[in-house]
Amino acid sequence: MSNTTDPPSPQPIGNARTWLVLTIAFFSGMSVLAVEISAARLLAPFFGTSIIIWAVVIGLTLLYLSIGYWIGGRLADRRPYENTLYHIVGIGAFLVGLVPFMSKPVLSVSSQAIASLNGGLFFGSLVGVLLLLAVPLTLLGMVSPFAIRLVTSDVRQAGKRAGQVFAVSTVGSILGAFIPVLLLIPTVGTRSTFLIFAVLLLGLSVVATTRLYRRLLYVVLLAILVVLWVAVDPGPVRPADGLLVEGESALQFFQVIDSPNIGRRLVLNEGIGTHSIYHPDRLLTNGPWDYFLLAPFIGGQQPDDVDSLLIIGLGGGTVSKQYTTIFGDDVAIDGVEIDDRVIDLGRKYFDMNEPNLTTYAEDGRTFLQRVDRRYDVIAVDAYRQPYIPFHLVTQEFFIAAREHLTDKGVVALNAGRTASDFRLVEVLSETMRSVFPHVYVIDLPSGFNNSLVYGSLTPITGDQVRAATDGLPWLAEVAERPWELREVNRAETVYTDDLAPVERLIDDIVVREALHGATGRDR
């Protein structure tokens, strides 16, 4: 006599149906990683791409998957039927396709929060977007335990079948990690990447299910996603007056914006900073780029001494244009920019066509490691706003930079700050001081919250810098601004390749500024 509480026993599925279930597991695993990576890119224009954001996305994805594994295993024992699995996949796929549409109003709120420095809105919108992923990722997490239950008809083969499911799911995840990054996101964008995987999984559900009414349901859901895909104009991800172009490269989100009072601006990632400025009628920008022009004089050089310049973080070429115009086109300039799409934007929108500029699409530190050239100035402006790659602010990096300087060479670093929080400037200047005998800082007197940090091999004073630029076109204008050259004589906090918590420091600065702004502080 059987126990009425025992779970139902499905008929063993044939080889063809087994491979269909394994195929579902493969594409589900692929979709999970694709959704995770695409979610991070969905957040990047508003919240950035820091290690903290990645940790939140990865951690919550694992949480949702864990819940899905647990629920999926229990449901598989109670209702071990193929059509139940296909229904889970179909509904999960449809919800994946809705994520970019449902998240847009939430992300619009985050734009308002950034503009007003409203900490509550900022973090609330981040939580809201991440919660949108909870149900679809939980449903996709249910697939693996369910698939193991379906393909296991003999307990003596349970290990073999579990290994098959995990293997195909993991191989799918590997492809899901690379296909969006290398192909889909740079080519068709984040929204279409979500929709491609949603349509793929829904299509598999249509093919796999044996129930006619569910097949019709999945066809209807598929049609809804296709209509939304075609009919709903995505519009700009982050609307802005004067927006010329926006898009995504393999590395980041970008915008080119015409601002009447400033010039053409290059904006990357969450849009809280400008990475390059170009104005056809003005060379100087009143921003941090102008202060890279003082670097040769801080090293005790004369204008005719400047023969070579390395720019790490070329952007749209603001600094290369300024150096070429002021010091002459016989100055050999190497411009290193990790994102080749940004180099293309510089040439197309920022007139970055100086004959003496050679561009390199690679990491700045890697470039230093492979070349043996020496430079009169090394300008480091490698923000992925508001962050600086940690390996470009360590003692080891500055040692490598010093080894690539001429006898009077100078390293100049652009460091961000707020009106009242100089902690990042302090730690970077102290790290440079552990390598250079003389380190100087200029805190920009204009509306930009930046400081320029200079590592020099020779002593200098602000008066000497001003005297050296006296009467020189453009340089005298920069020198006459109300800045002070302050020297850094301590190296108490030194970042190294082993320990450089620069992102945690910047996150703390950003959070404090946002929360402080929420209290109504005037700016």
# chains A, B, ... in the order shown; residues from 1 in each chain; ligands from 1

$ residues_around --residues "Val342 in chain A" --least-positions-apart "2" --cutoff "9 Å" --atoms "only C-alpha atoms" --output "VMD selection string"
chain A and resid 249 254 266 314 to 316 337 to 340 344 to 347

$ write_last_selection --atoms "C-alpha atoms" --output "CSV table (one decimal), in the first residue's frame"
chain,number,residue,atom,x,y,z
A,249,SER,CA,31.5,50.6,-25.4
A,254,PHE,CA,29.5,57.6,-22.8
A,266,LEU,CA,32.9,64.1,-22.9
A,314,LEU,CA,43.7,60.7,-23.0
A,315,GLY,CA,40.0,61.1,-23.1
A,316,GLY,CA,38.9,63.5,-25.9
A,337,GLU,CA,43.4,55.6,-23.4
A,338,ILE,CA,42.1,52.2,-22.3
A,339,ASP,CA,38.9,52.6,-24.4
A,340,ASP,CA,39.4,52.7,-28.1
A,344,ASP,CA,37.3,57.5,-31.8
A,345,LEU,CA,35.0,60.0,-30.1
A,346,GLY,CA,38.0,62.3,-29.6
A,347,ARG,CA,38.8,62.3,-33.2

$ residues_around --residues "Ala500 in chain A" --least-positions-apart "4" --cutoff "9 Å" --atoms "only C-alpha atoms" --output "list in words"
Phe390, His391, Val393, Thr394, Val494, Tyr495 and Thr496 of chain A

$ closest_residue --among "A:Leu217, A:Leu309, A:Leu228, A:Ala401" --to "Gly97 in chain A" --atoms "only C-alpha atoms"
A:Leu228

$ closest_residue --among "A:Ala147, A:Leu475, A:Val226, A:Val171" --to "Tyr323 in chain A" --atoms "only C-alpha atoms"
A:Leu475

$ residues_around --residues "range 29-35 of chain A" --least-positions-apart "6" --cutoff "10 Å" --atoms "only C-alpha atoms" --output "count of residues only"
45

$ select_by_dssp --residues "range 201-380 of chain A" --states "helix (DSSP H, G or I)" --output "ChimeraX atom specification"
/A:201-208,212-231,288-298,303-305,318-327,340-349,364-370

$ select_by_dssp --residues "range 120-349 of chain A" --states "strand (DSSP E)" --output "ChimeraX atom specification"
/A:243-248,253-259,263-268,276-278,308-312,332-336

$ residues_around --residues "Leu130 in chain A" --least-positions-apart "6" --cutoff "10 Å" --atoms "only C-alpha atoms" --output "number ranges by chain"
A: 39-40, 43, 56-57, 60-61, 99, 103

$ closest_atom_pairs --of "range 56-152 of chain A" --to "range 206-213 of chain A" --cutoff "9 Å" --atoms "only C-alpha atoms" --output "tab-separated table"
residue	atom	partner	partner_atom	distance
A:Glu82	CA	A:Thr209	CA	7.6
A:Asn83	CA	A:Thr209	CA	5.5
A:Thr84	CA	A:Thr209	CA	8.9
A:Tyr86	CA	A:Thr209	CA	6.2
A:His87	CA	A:Thr209	CA	7.9
A:Gly90	CA	A:Val206	CA	8.1

$ write_last_selection --atoms "all heavy atoms" --output "compact mmCIF listing (two decimals), in the first residue's frame"
# COMPACT_ATOMS: atom_id res chain seq x y z
N GLU A 82 8.03 17.97 -16.81
CA GLU A 82 8.75 18.83 -17.75
C GLU A 82 8.05 20.16 -17.95
O GLU A 82 8.69 21.22 -17.97
CB GLU A 82 8.87 18.12 -19.11
CG GLU A 82 9.90 17.02 -19.18
CD GLU A 82 9.97 16.47 -20.58
OE1 GLU A 82 10.49 17.20 -21.46
OE2 GLU A 82 9.49 15.33 -20.80
N ASN A 83 6.74 20.11 -18.15
CA ASN A 83 6.01 21.35 -18.45
C ASN A 83 6.09 22.36 -17.31
O ASN A 83 6.01 23.57 -17.55
CB ASN A 83 4.55 21.03 -18.78
CG ASN A 83 4.41 20.43 -20.16
OD1 ASN A 83 4.99 20.92 -21.13
ND2 ASN A 83 3.67 19.33 -20.28
N THR A 84 6.25 21.87 -16.08
CA THR A 84 6.43 22.79 -14.96
C THR A 84 7.76 23.53 -15.10
O THR A 84 7.84 24.75 -14.87
CB THR A 84 6.39 22.02 -13.63
OG1 THR A 84 5.16 21.30 -13.53
CG2 THR A 84 6.50 22.98 -12.45
N TYR A 86 9.37 24.13 -17.93
CA TYR A 86 9.28 25.05 -19.05
C TYR A 86 8.46 26.29 -18.70
O TYR A 86 8.73 27.39 -19.20
CB TYR A 86 8.69 24.34 -20.27
CG TYR A 86 9.45 23.09 -20.64
CD1 TYR A 86 8.78 21.96 -21.14
CD2 TYR A 86 10.84 23.00 -20.49
CE1 TYR A 86 9.46 20.80 -21.47
CE2 TYR A 86 11.53 21.84 -20.82
CZ TYR A 86 10.83 20.75 -21.30
OH TYR A 86 11.52 19.60 -21.61
N HIS A 87 7.48 26.10 -17.83
CA HIS A 87 6.67 27.24 -17.39
C HIS A 87 7.52 28.20 -16.53
O HIS A 87 7.42 29.42 -16.67
CB HIS A 87 5.45 26.75 -16.62
CG HIS A 87 4.40 27.80 -16.44
ND1 HIS A 87 3.82 28.47 -17.50
CD2 HIS A 87 3.81 28.31 -15.32
CE1 HIS A 87 2.94 29.34 -17.05
NE2 HIS A 87 2.92 29.26 -15.73
N GLY A 90 9.74 30.03 -18.94
CA GLY A 90 9.00 30.98 -19.75
C GLY A 90 8.65 32.25 -18.99
O GLY A 90 8.84 33.37 -19.49
